[in-house]
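> Sharing structure_2.txt below, compact mmCIF, C-alpha atoms:
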# COMPACT_ATOMS: atom_id res chain seq x y z
CA MET A 1 0.00 0.00 0.00
CA LYS A 2 2.85 2.36 0.86
CA ARG A 3 4.46 1.70 -2.52
CA ARG A 4 1.22 2.57 -4.29
CA ARG A 5 0.90 5.86 -2.40
CA SER A 6 4.54 6.68 -3.22
CA LYS A 7 3.89 6.10 -6.92
CA ASP A 8 0.78 8.26 -6.80
CA LYS A 9 2.77 11.05 -5.16
CA GLU A 10 5.43 10.83 -7.89
CA GLU A 11 2.75 11.00 -10.60
CA ILE A 12 1.16 14.00 -8.93
CA MET A 13 4.49 15.82 -8.71
CA GLU A 14 5.25 15.12 -12.37
CA SER A 15 1.78 16.29 -13.40
CA LEU A 16 2.51 19.71 -11.83
CA VAL A 17 5.55 20.27 -14.06
CA ARG A 18 5.52 21.23 -17.74
CA ASP A 19 6.06 18.17 -19.95
CA ASP A 20 8.83 19.88 -21.91
CA ILE A 21 10.73 20.71 -18.71
CA MET A 22 10.37 17.12 -17.46
CA SER A 23 11.97 15.80 -20.65
CA MET A 24 14.61 18.54 -20.99
CA GLU A 25 18.30 17.65 -20.68
CA SER A 26 20.12 19.66 -18.03
CA TYR A 27 23.50 21.32 -18.55
CA ALA A 28 26.39 19.08 -17.47
CA ALA A 29 28.17 21.40 -15.04
CA VAL A 30 31.58 20.47 -13.64
CA GLU A 31 31.87 19.43 -10.02
CA PRO A 32 33.52 21.64 -7.35
CA VAL A 33 37.27 21.16 -7.03
CA HIS A 34 37.10 20.02 -3.38
CA VAL A 35 34.73 17.20 -4.43
CA LEU A 36 37.08 16.13 -7.24
CA ALA A 37 40.16 16.36 -5.01
CA GLU A 38 38.56 14.21 -2.32
CA ARG A 39 37.46 11.65 -4.90
CA VAL A 40 40.98 11.08 -6.22
CA GLY A 41 42.74 11.53 -2.89
CA VAL A 42 44.83 14.54 -3.87
CA PRO A 43 45.29 17.43 -1.38
CA LEU A 44 43.36 20.51 -2.50
CA GLU A 45 46.49 22.66 -2.55
CA ARG A 46 48.09 20.29 -5.08
CA THR A 47 45.25 20.43 -7.59
CA ALA A 48 45.06 22.30 -10.90
CA LYS A 49 41.45 23.18 -11.73
CA LEU A 50 41.55 23.55 -15.51
CA ASP A 51 38.01 22.47 -16.39
CA SER A 52 35.84 25.63 -16.14
CA ASN A 53 37.78 28.45 -17.85
CA GLU A 54 38.26 30.36 -14.59
CA ASN A 55 40.98 32.92 -13.91
CA PRO A 56 43.63 31.16 -11.74
CA TYR A 57 45.02 34.46 -10.43
CA GLY A 58 41.84 35.41 -8.60
CA CYS A 59 40.07 38.73 -8.28
CA SER A 60 41.53 42.18 -7.65
CA PRO A 61 42.85 42.75 -4.10
CA ARG A 62 40.50 45.73 -4.02
CA VAL A 63 37.55 43.34 -4.21
CA ARG A 64 38.52 41.43 -1.08
CA GLN A 65 39.13 44.63 0.86
CA ALA A 66 35.88 46.29 -0.25
CA LEU A 67 33.78 43.22 0.55
CA GLY A 68 35.23 43.08 4.06
CA ASN A 69 34.72 46.79 4.72
CA PHE A 70 31.14 47.12 3.44
CA GLU A 71 28.60 47.75 6.20
CA PHE A 72 25.21 47.64 4.44
CA TYR A 73 24.63 44.01 3.51
CA HIS A 74 21.31 44.27 5.36
CA THR A 75 19.94 46.58 2.63
CA TYR A 76 18.68 45.61 -0.81
CA PRO A 77 20.87 46.33 -3.84
CA ASP A 78 19.93 48.77 -6.59
CA HIS A 79 17.33 47.13 -8.85
CA ALA A 80 18.38 49.40 -11.74
CA HIS A 81 22.16 48.87 -11.27
CA ARG A 82 22.67 52.60 -11.89
CA GLU A 83 26.21 53.01 -10.57
CA MET A 84 27.42 49.79 -12.14
CA ARG A 85 25.95 50.75 -15.53
CA GLU A 86 27.69 54.13 -15.36
CA MET A 87 31.00 52.40 -14.72
CA LEU A 88 30.34 49.96 -17.57
CA GLU A 89 29.64 52.93 -19.84
CA GLU A 90 33.15 54.16 -19.09
CA TYR A 91 34.61 50.67 -19.60
CA THR A 92 32.80 49.94 -22.89
CA GLY A 93 32.38 53.45 -24.32
CA ILE A 94 28.66 52.78 -24.85
CA GLY A 95 25.85 54.69 -23.09
CA THR A 96 24.04 53.37 -20.02
CA GLU A 97 20.75 53.12 -21.90
CA TYR A 98 22.36 50.29 -23.89
CA ILE A 99 23.68 48.41 -20.83
CA GLY A 100 21.84 45.81 -18.75
CA VAL A 101 23.31 43.88 -15.81
CA ALA A 102 22.41 40.39 -14.63
CA ASN A 103 23.33 37.59 -12.26
CA GLY A 104 25.88 36.30 -14.75
CA SER A 105 25.60 36.49 -18.54
CA ASP A 106 23.85 33.11 -18.26
CA GLU A 107 20.90 34.83 -16.58
CA MET A 108 20.99 37.57 -19.21
CA ILE A 109 20.54 34.98 -21.97
CA ASP A 110 17.50 33.64 -20.15
CA LEU A 111 16.05 37.13 -19.63
CA ILE A 112 16.51 38.10 -23.28
CA LEU A 113 14.90 34.91 -24.57
CA ARG A 114 12.06 35.38 -22.07
CA VAL A 115 11.41 38.79 -23.64
CA VAL A 116 11.63 37.85 -27.32
CA LEU A 117 10.41 34.24 -27.73
CA ASP A 118 6.82 33.14 -28.24
CA PRO A 119 6.06 29.44 -27.69
CA GLY A 120 7.35 27.46 -30.65
CA ASP A 121 9.79 30.11 -31.85
CA LYS A 122 13.21 28.88 -32.94
CA VAL A 123 16.74 29.98 -32.09
CA LEU A 124 19.53 29.37 -34.59
CA ASN A 125 22.48 27.69 -32.88
CA PHE A 126 25.93 26.60 -34.07
CA PRO A 127 27.18 23.45 -32.33
CA PRO A 128 29.60 22.54 -30.96
CA THR A 129 29.09 25.52 -28.66
CA PHE A 130 28.14 26.52 -25.12
CA GLY A 131 25.67 23.97 -23.78
CA THR A 132 23.41 26.31 -21.80
CA TYR A 133 22.00 27.87 -24.98
CA SER A 134 19.75 24.85 -25.40
CA VAL A 135 18.64 24.95 -21.75
CA HIS A 136 17.59 28.60 -21.88
CA THR A 137 15.88 28.23 -25.24
CA GLU A 138 13.84 25.22 -24.19
CA ALA A 139 13.02 26.67 -20.76
CA ASN A 140 11.51 29.66 -22.57
CA ARG A 141 9.36 27.37 -24.77
CA GLY A 142 11.53 27.78 -27.83
CA GLY A 143 13.28 25.23 -30.03
CA LEU A 144 16.87 25.06 -31.24
CA LEU A 145 17.61 25.11 -34.94
CA ASN A 146 21.10 23.62 -35.07
CA VAL A 147 23.43 24.40 -37.96
CA PRO A 148 26.66 22.45 -37.26
CA ARG A 149 30.00 24.19 -37.61
CA ASP A 150 32.57 23.02 -40.15
CA PRO A 151 33.98 19.76 -38.71
CA ASP A 152 37.57 20.73 -39.54
CA THR A 153 37.75 24.48 -38.81
CA PHE A 154 34.68 24.93 -36.56
CA ASP A 155 33.76 27.99 -38.61
CA VAL A 156 30.11 28.99 -38.93
CA ASP A 157 28.61 28.17 -42.33
CA ILE A 158 26.81 31.45 -43.00
CA ALA A 159 25.15 30.22 -46.19
CA ALA A 160 23.79 27.13 -44.41
CA ALA A 161 22.62 29.30 -41.52
CA LYS A 162 20.65 31.60 -43.82
CA SER A 163 19.15 28.62 -45.66
CA ALA A 164 17.98 27.07 -42.38
CA ILE A 165 15.94 30.12 -41.35
CA ASP A 166 12.17 29.69 -41.52
CA ASP A 167 9.18 31.79 -40.51
CA ARG A 168 9.41 30.67 -36.86
CA THR A 169 13.10 31.56 -36.47
CA ARG A 170 13.34 34.50 -34.10
CA ALA A 171 16.94 34.77 -32.89
CA ILE A 172 20.53 33.68 -33.50
CA LEU A 173 22.94 32.75 -30.69
CA LEU A 174 26.64 32.97 -31.45
CA SER A 175 29.51 32.39 -29.02
CA ASN A 176 32.48 34.54 -30.09
CA PRO A 177 35.18 33.41 -29.39
CA ASN A 178 33.36 30.10 -29.43
CA ASN A 179 33.37 27.87 -26.39
CA PRO A 180 34.73 25.16 -26.51
CA THR A 181 36.59 25.54 -29.82
CA GLY A 182 38.20 28.95 -29.23
CA ASN A 183 37.82 30.28 -32.77
CA LEU A 184 36.35 33.61 -33.85
CA THR A 185 33.57 34.43 -36.28
CA PRO A 186 34.69 37.53 -38.21
CA GLU A 187 32.70 40.76 -38.14
CA ARG A 188 31.79 40.44 -41.82
CA ASP A 189 29.96 37.18 -41.11
CA ILE A 190 28.12 38.71 -38.16
CA LEU A 191 27.06 41.62 -40.39
CA GLU A 192 25.67 39.09 -42.85
CA LEU A 193 23.65 37.47 -40.06
CA LEU A 194 22.37 40.89 -39.00
CA GLU A 195 21.08 41.46 -42.53
CA THR A 196 18.57 38.62 -41.99
CA GLY A 197 16.66 40.92 -39.64
CA LEU A 198 16.67 38.32 -36.86
CA LEU A 199 17.86 39.18 -33.38
CA VAL A 200 21.57 38.31 -33.28
CA ILE A 201 22.95 37.61 -29.78
CA VAL A 202 26.75 37.53 -29.75
CA ASP A 203 28.19 36.02 -26.58
CA GLU A 204 31.55 37.70 -25.95
CA ALA A 205 32.29 36.07 -22.58
CA TYR A 206 35.96 35.75 -23.61
CA TYR A 207 36.25 39.19 -25.22
CA GLU A 208 39.16 40.35 -23.05
CA PHE A 209 41.27 37.43 -24.29
CA SER A 210 40.67 38.21 -27.97
CA GLU A 211 40.03 42.00 -27.90
CA LEU A 212 37.78 41.61 -30.95
CA THR A 213 34.20 42.79 -30.50
CA VAL A 214 31.08 43.92 -32.34
CA ALA A 215 29.78 45.90 -29.35
CA HIS A 216 30.42 49.17 -31.19
CA LEU A 217 27.78 48.12 -33.75
CA VAL A 218 24.92 47.88 -31.24
CA PRO A 219 23.84 51.57 -31.49
CA SER A 220 23.59 51.15 -35.28
CA TYR A 221 21.79 47.78 -35.36
CA PRO A 222 18.48 47.45 -33.47
CA ASN A 223 18.69 43.64 -33.81
CA LEU A 224 22.14 43.16 -32.22
CA ILE A 225 22.91 42.20 -28.62
CA VAL A 226 26.40 41.61 -27.19
CA LEU A 227 26.87 39.64 -23.96
CA ARG A 228 29.83 40.06 -21.63
CA SER A 229 30.98 38.32 -18.45
CA MET A 230 32.88 39.36 -15.31
CA SER A 231 33.68 35.70 -14.56
CA LYS A 232 36.69 35.25 -16.82
CA TRP A 233 38.85 38.37 -17.01
CA ALA A 234 37.76 39.79 -13.62
CA ALA A 235 37.80 36.39 -11.84
CA LEU A 236 34.32 36.81 -10.33
CA ALA A 237 32.91 33.42 -11.41
CA GLY A 238 31.80 32.63 -7.86
CA LEU A 239 29.88 35.90 -7.47
CA ARG A 240 27.99 35.87 -10.80
CA VAL A 241 27.98 39.16 -12.68
CA GLY A 242 27.41 39.62 -16.38
CA TYR A 243 26.04 42.32 -18.63
CA ALA A 244 24.62 42.94 -22.06
CA ILE A 245 25.03 45.76 -24.56
CA LEU A 246 21.64 45.83 -26.23
CA PRO A 247 19.03 48.10 -27.87
CA PRO A 248 17.34 50.35 -25.27
CA THR A 249 13.81 49.10 -25.98
CA ILE A 250 14.84 45.48 -25.38
CA ASN A 251 16.84 46.58 -22.33
CA ASP A 252 13.75 48.27 -20.86
CA CYS A 253 11.75 45.08 -21.36
CA VAL A 254 14.48 43.00 -19.70
CA TYR A 255 14.41 45.27 -16.66
CA LYS A 256 10.61 45.08 -16.50
CA SER A 257 10.62 41.28 -16.47
CA LYS A 258 13.76 40.41 -14.50
CA PRO A 259 13.82 39.39 -10.81
CA ILE A 260 13.77 42.60 -8.74
CA TYR A 261 17.18 42.39 -7.03
CA ASN A 262 18.89 39.95 -9.35
CA VAL A 263 22.49 41.07 -8.67
CA ASN A 264 23.36 40.79 -4.99
CA MET A 265 25.22 43.48 -3.09
CA ALA A 266 28.49 41.55 -2.80
CA ALA A 267 28.55 40.86 -6.54
CA GLU A 268 27.86 44.51 -7.32
CA ILE A 269 30.66 45.69 -5.03
CA ALA A 270 33.06 43.18 -6.59
CA ALA A 271 32.15 44.23 -10.13
CA LYS A 272 32.59 47.93 -9.37
CA GLU A 273 35.95 47.40 -7.67
CA SER A 274 37.11 45.24 -10.58
CA LEU A 275 36.22 47.99 -13.02
CA LYS A 276 38.09 50.53 -10.88
CA ASP A 277 41.09 48.18 -10.97
CA ALA A 278 40.71 47.15 -14.60
CA GLN A 279 44.36 47.82 -15.43
CA TYR A 280 45.50 45.38 -12.74
CA MET A 281 43.10 42.71 -14.00
CA LYS A 282 44.09 43.33 -17.62
CA GLN A 283 47.67 42.48 -16.59
CA THR A 284 46.49 39.05 -15.42
CA VAL A 285 44.72 38.69 -18.77
CA ARG A 286 47.99 39.42 -20.57
CA THR A 287 49.72 36.87 -18.36
CA ILE A 288 47.09 34.25 -19.27
CA ILE A 289 47.41 35.03 -22.99
CA SER A 290 51.17 34.59 -22.75
CA GLU A 291 50.74 31.29 -20.92
CA ARG A 292 48.16 30.21 -23.52
CA GLU A 293 50.82 30.52 -26.21
CA ARG A 294 53.34 28.64 -24.05
CA LEU A 295 50.85 25.86 -23.29
CA TYR A 296 50.03 25.55 -26.99
CA ARG A 297 53.72 25.30 -27.91
CA LEU A 298 54.57 22.75 -25.23
CA LEU A 299 51.56 20.56 -26.01
CA ASP A 300 52.39 20.67 -29.70
CA GLU A 301 56.00 19.71 -28.99
CA GLN A 302 55.04 16.96 -26.54
CA GLY A 303 52.83 15.43 -29.23
CA ILE A 304 50.14 13.35 -27.49
CA LEU A 305 47.49 16.08 -27.50
CA LYS A 306 46.99 18.24 -30.60
CA PRO A 307 45.91 21.75 -29.53
CA LEU A 308 43.81 24.04 -31.69
CA PRO A 309 44.55 27.78 -31.87
CA SER A 310 42.34 29.71 -29.45
CA GLN A 311 41.25 33.26 -28.75
CA GLY A 312 39.88 32.33 -25.31
CA ASN A 313 41.52 31.39 -22.01
CA PHE A 314 41.49 27.71 -22.95
CA LEU A 315 42.71 25.26 -25.58
CA LEU A 316 40.68 22.51 -27.21
CA CYS A 317 42.88 19.47 -27.86
CA GLN A 318 42.47 16.40 -30.01
CA ALA A 319 43.30 13.20 -28.13
CA PRO A 320 44.58 10.04 -29.85
CA ASP A 321 41.67 7.92 -31.07
CA GLY A 322 39.61 6.60 -28.18
CA ASN A 323 41.98 7.89 -25.50
CA GLY A 324 40.20 11.05 -24.36
CA ALA A 325 38.61 9.53 -21.25
CA ARG A 326 41.82 7.69 -20.37
CA ILE A 327 43.91 10.86 -20.59
CA LYS A 328 41.37 12.79 -18.52
CA GLU A 329 41.53 10.09 -15.85
CA HIS A 330 45.35 10.09 -16.00
CA PHE A 331 45.34 13.84 -15.36
CA GLN A 332 42.66 13.54 -12.69
CA ASN A 333 44.62 11.00 -10.69
CA ARG A 334 47.40 13.59 -10.48
CA GLY A 335 45.04 16.37 -9.38
CA ILE A 336 44.74 17.98 -12.84
CA PHE A 337 41.12 18.47 -13.83
CA VAL A 338 40.18 19.13 -17.47
CA ARG A 339 36.94 18.94 -19.48
CA HIS A 340 36.29 15.94 -21.73
CA PHE A 341 33.93 16.14 -24.72
CA PRO A 342 33.34 12.53 -25.80
CA ALA A 343 30.78 13.56 -28.42
CA LEU A 344 33.19 16.12 -29.90
CA TYR A 345 35.76 13.83 -31.52
CA ASP A 346 36.87 12.70 -28.03
CA MET A 347 38.46 16.11 -27.39
CA LEU A 348 39.72 17.68 -24.17
CA ARG A 349 39.37 21.35 -23.25
CA ILE A 350 42.11 22.71 -21.03
CA THR A 351 41.81 26.02 -19.20
CA VAL A 352 45.00 28.07 -19.28
CA GLY A 353 46.38 28.03 -15.75
CA LYS A 354 49.59 29.25 -14.15
CA PRO A 355 53.02 28.17 -15.49
CA GLU A 356 53.31 25.50 -12.78
CA HIS A 357 49.99 24.02 -13.96
CA THR A 358 51.32 23.83 -17.51
CA ASP A 359 54.52 22.17 -16.28
CA ALA A 360 52.55 19.60 -14.25
CA MET A 361 50.40 18.77 -17.28
CA ILE A 362 53.37 18.26 -19.61
CA LYS A 363 55.06 16.08 -16.98
CA ALA A 364 51.90 13.98 -16.68
CA LEU A 365 51.76 13.55 -20.46
CA ASP A 366 55.41 12.51 -20.53
CA GLU A 367 54.52 9.73 -18.05
CA LEU A 368 51.63 8.49 -20.20
CA GLU A 369 51.90 5.54 -22.56
CA VAL A 370 49.54 5.80 -25.55
Would you give me this structure, written as structure tokens?


Amino acid sequence: MKRRRSKDKEEIMESLVRDDIMSMESYAAVEPVHVLAERVGVPLERTAKLDSNENPYGCSPRVRQALGNFEFYHTYPDHAHREMREMLEEYTGIGTEYIGVANGSDEMIDLILRVVLDPGDKVLNFPPTFGTYSVHTEANRGGLLNVPRDPDTFDVDIAAAKSAIDDRTRAILLSNPNNPTGNLTPERDILELLETGLLVIVDEAYYEFSELTVAHLVPSYPNLIVLRSMSKWAALAGLRVGYAILPPTINDCVYKSKPIYNVNMAAEIAAKESLKDAQYMKQTVRTIISERERLYRLLDEQGILKPLPSQGNFLLCQAPDGNGARIKEHFQNRGIFVRHFPALYDMLRITVGKPEHTDAMIKALDELEV
């Protein structure tokens, strides 16, 4: 009898949830480093977390000091993010009316799609790319229209993209530089996508590592949105701050429909202090770019993994046939955590860490028999 009641309860719970949400695949997020370290028996201080494209140098010292000195955590933050938007205007050179702030650029994607999609609308997507695009599209009752990238270069096929568009296609999502492949889509191709009249959302989470952007085009194109993140260059991944540069009318609608206090006070303080100390953080970016080139060279010389050129803070590497999982495990047992993409030609994505992380990885590869 108890089993029957339990089953009835499960059926009732499932009946309260949308069918499309019940069947939706969730994003495969990486596990926290302390969980991984404990699993493999490696002391936390000896680990190299190279699986989430985080900044290994940490946030600005000003952030830590400001968070400790702030005395008003008992008050609500500014719903309109006025001071932060003014500082982002100075950082980007684009007016505050074009700037919206969110609890990570991930939330901003969700908010934008909430504003623009009707049930059954489609979003053009270019896999392999960032996995949360599908989650946000489906959660907002839309459908993905996938146009695969070139299997050799991972470039976007603009002609195929335009041919795939139908009367229910409402938006285009483009990661640039693309995660996980690291390559850029040139401005001329983005301009061609803009000519379709669809909303083009360009995710520039790794902009600071490439310094190539289309943000300057937003005031001239009412169908262009550029997303940015404070997680990578400013090392605020744990606090969640992102922003968009978008047409004012869409921005107004985002602010009308977003959660009231979506960016918490600590995150706002950290973002503002990071912007005040942008030159310091840009130096860590330059250090990461330099180490990216060193990591690429050493991997290429070592020979087991074949790295692809990247404009992000990571390298996507081809593993020998069928050895991707084995190499990931080999790294993991030595406290080096990387991301494995079994469905993407068995490739591994390696975040650029500190020089000692690179050295440990090369040493581990030298000890590997393939």

> Which residue gives the smallest distance to Tyr98 (chain A) among A:Leu246, A:Val30, A:Val42, A:Ile12, with only C-alpha atoms counted?

A:Leu246

> Sorted by chain and rising residue number, list the residues of region 89-189 of chain A at most 9 Å from region 255-268 of chain A (counting all atoms listed in the file), each with its closest atom pair and distance in Å to one decimal, as JSON lines.


{"residue": "A:Gly100", "atom": "CA", "partner": "A:Tyr255", "partner_atom": "CA", "distance": 7.7}
{"residue": "A:Val101", "atom": "CA", "partner": "A:Val263", "partner_atom": "CA", "distance": 7.7}
{"residue": "A:Ala102", "atom": "CA", "partner": "A:Val263", "partner_atom": "CA", "distance": 6.0}
{"residue": "A:Asn103", "atom": "CA", "partner": "A:Val263", "partner_atom": "CA", "distance": 5.1}
{"residue": "A:Gly104", "atom": "CA", "partner": "A:Val263", "partner_atom": "CA", "distance": 8.4}
{"residue": "A:Leu111", "atom": "CA", "partner": "A:Lys258", "partner_atom": "CA", "distance": 6.5}
{"residue": "A:Arg114", "atom": "CA", "partner": "A:Ser257", "partner_atom": "CA", "distance": 8.3}
{"residue": "A:Val115", "atom": "CA", "partner": "A:Ser257", "partner_atom": "CA", "distance": 7.6}

> With C-alpha atoms kept, could you save the residues just selected as a PDB file, in the coordinates of the input?


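Once everything was written out, this is again.pdb:
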ATOM      1  CA  GLY A 100      21.840  45.810 -18.750  1.00  0.00           C
ATOM      2  CA  VAL A 101      23.310  43.880 -15.810  1.00  0.00           C
ATOM      3  CA  ALA A 102      22.410  40.390 -14.630  1.00  0.00           C
ATOM      4  CA  ASN A 103      23.330  37.590 -12.260  1.00  0.00           C
ATOM      5  CA  GLY A 104      25.880  36.300 -14.750  1.00  0.00           C
ATOM      6  CA  LEU A 111      16.050  37.130 -19.630  1.00  0.00           C
ATOM      7  CA  ARG A 114      12.060  35.380 -22.070  1.00  0.00           C
ATOM      8  CA  VAL A 115      11.410  38.790 -23.640  1.00  0.00           C
TER       9      VAL A 115
END

> Taking all atoms listed in the file into account, produce a table as JSON lines in which each residue of region 160-184 of chain A with an atom at most 10 Å from an atom of region 314-323 of chain A appears once, together with its shortest atom pair and the distance in Å to one decimal, ordered by chain and rising number.


{"residue": "A:Asn179", "atom": "CA", "partner": "A:Phe314", "partner_atom": "CA", "distance": 8.8}
{"residue": "A:Pro180", "atom": "CA", "partner": "A:Leu316", "partner_atom": "CA", "distance": 6.6}
{"residue": "A:Thr181", "atom": "CA", "partner": "A:Leu316", "partner_atom": "CA", "distance": 5.7}
{"residue": "A:Gly182", "atom": "CA", "partner": "A:Leu315", "partner_atom": "CA", "distance": 6.9}
{"residue": "A:Asn183", "atom": "CA", "partner": "A:Leu316", "partner_atom": "CA", "distance": 10.0}

> So, with only C-alpha atoms as the atoms that count, which of A:Glu97, A:Glu11, A:Glu25, A:Asp150 lies closest to Ile245 (chain A)?

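Nearest candidate to Ile245 (chain A) out of A:Glu97, A:Glu11, A:Glu25, A:Asp150: A:Glu97.
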
> Within 10 Å of (34.8, 15.8, -19.4), all atoms listed in the file: residues as a VMD selection string?

chain A and resid 28 to 30 51 324 to 325 328 to 329 337 to 342 346 to 349

> Go ahead and save the residues from that selection, with C-alpha atoms, as a PDB file, in the frame of the given file.


ATOM      1  CA  ALA A  28      26.390  19.080 -17.470  1.00  0.00           C
ATOM      2  CA  ALA A  29      28.170  21.400 -15.040  1.00  0.00           C
ATOM      3  CA  VAL A  30      31.580  20.470 -13.640  1.00  0.00           C
ATOM      4  CA  ASP A  51      38.010  22.470 -16.390  1.00  0.00           C
ATOM      5  CA  GLY A 324      40.200  11.050 -24.360  1.00  0.00           C
ATOM      6  CA  ALA A 325      38.610   9.530 -21.250  1.00  0.00           C
ATOM      7  CA  LYS A 328      41.370  12.790 -18.520  1.00  0.00           C
ATOM      8  CA  GLU A 329      41.530  10.090 -15.850  1.00  0.00           C
ATOM      9  CA  PHE A 337      41.120  18.470 -13.830  1.00  0.00           C
ATOM     10  CA  VAL A 338      40.180  19.130 -17.470  1.00  0.00           C
ATOM     11  CA  ARG A 339      36.940  18.940 -19.480  1.00  0.00           C
ATOM     12  CA  HIS A 340      36.290  15.940 -21.730  1.00  0.00           C
ATOM     13  CA  PHE A 341      33.930  16.140 -24.720  1.00  0.00           C
ATOM     14  CA  PRO A 342      33.340  12.530 -25.800  1.00  0.00           C
ATOM     15  CA  ASP A 346      36.870  12.700 -28.030  1.00  0.00           C
ATOM     16  CA  MET A 347      38.460  16.110 -27.390  1.00  0.00           C
ATOM     17  CA  LEU A 348      39.720  17.680 -24.170  1.00  0.00           C
ATOM     18  CA  ARG A 349      39.370  21.350 -23.250  1.00  0.00           C
TER      19      ARG A 349
END

> Take the structure in the block and write a file for region 169-187 of chain A, N, CA and C atoms, as a short mmCIF file (atom, residue, chain, number, x, y, z; two decimals), in the first residue's frame.


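Heads up, here's the output in decode28.cif:
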data_model
loop_
_atom_site.label_atom_id
_atom_site.label_comp_id
_atom_site.auth_asym_id
_atom_site.auth_seq_id
_atom_site.Cartn_x
_atom_site.Cartn_y
_atom_site.Cartn_z
N THR A 169 11.79 31.24 -37.03
CA THR A 169 13.10 31.56 -36.47
C THR A 169 13.09 33.00 -35.98
N ARG A 170 13.45 33.18 -34.71
CA ARG A 170 13.34 34.50 -34.10
C ARG A 170 14.69 35.11 -33.71
N ALA A 171 15.67 34.26 -33.40
CA ALA A 171 16.94 34.77 -32.89
C ALA A 171 18.09 33.86 -33.30
N ILE A 172 19.30 34.41 -33.22
CA ILE A 172 20.53 33.68 -33.50
C ILE A 172 21.45 33.83 -32.30
N LEU A 173 21.98 32.73 -31.80
CA LEU A 173 22.94 32.75 -30.69
C LEU A 173 24.32 32.35 -31.20
N LEU A 174 25.30 33.20 -30.94
CA LEU A 174 26.64 32.97 -31.45
C LEU A 174 27.67 33.25 -30.36
N SER A 175 28.42 32.24 -29.98
CA SER A 175 29.51 32.39 -29.02
C SER A 175 30.76 32.84 -29.77
N ASN A 176 31.38 33.95 -29.32
CA ASN A 176 32.48 34.54 -30.09
C ASN A 176 33.48 35.26 -29.18
N PRO A 177 34.67 34.69 -28.93
CA PRO A 177 35.18 33.41 -29.39
C PRO A 177 34.28 32.26 -28.92
N ASN A 178 34.26 31.21 -29.73
CA ASN A 178 33.36 30.10 -29.43
C ASN A 178 33.92 29.21 -28.33
N ASN A 179 33.05 28.85 -27.43
CA ASN A 179 33.37 27.87 -26.39
C ASN A 179 32.65 26.57 -26.78
N PRO A 180 33.39 25.46 -27.00
CA PRO A 180 34.73 25.16 -26.51
C PRO A 180 35.85 25.23 -27.54
N THR A 181 35.58 25.69 -28.77
CA THR A 181 36.59 25.54 -29.82
C THR A 181 37.61 26.67 -29.85
N GLY A 182 37.25 27.86 -29.34
CA GLY A 182 38.20 28.95 -29.23
C GLY A 182 38.36 29.82 -30.45
N ASN A 183 37.65 29.50 -31.55
CA ASN A 183 37.82 30.28 -32.77
C ASN A 183 36.82 31.44 -32.84
N LEU A 184 37.16 32.41 -33.68
CA LEU A 184 36.35 33.61 -33.85
C LEU A 184 35.54 33.58 -35.13
N THR A 185 34.35 34.14 -35.08
CA THR A 185 33.57 34.43 -36.28
C THR A 185 33.84 35.88 -36.66
N PRO A 186 34.30 36.16 -37.87
CA PRO A 186 34.69 37.53 -38.21
C PRO A 186 33.48 38.47 -38.29
N GLU A 187 33.76 39.75 -38.14
CA GLU A 187 32.70 40.76 -38.14
C GLU A 187 31.89 40.72 -39.43
#
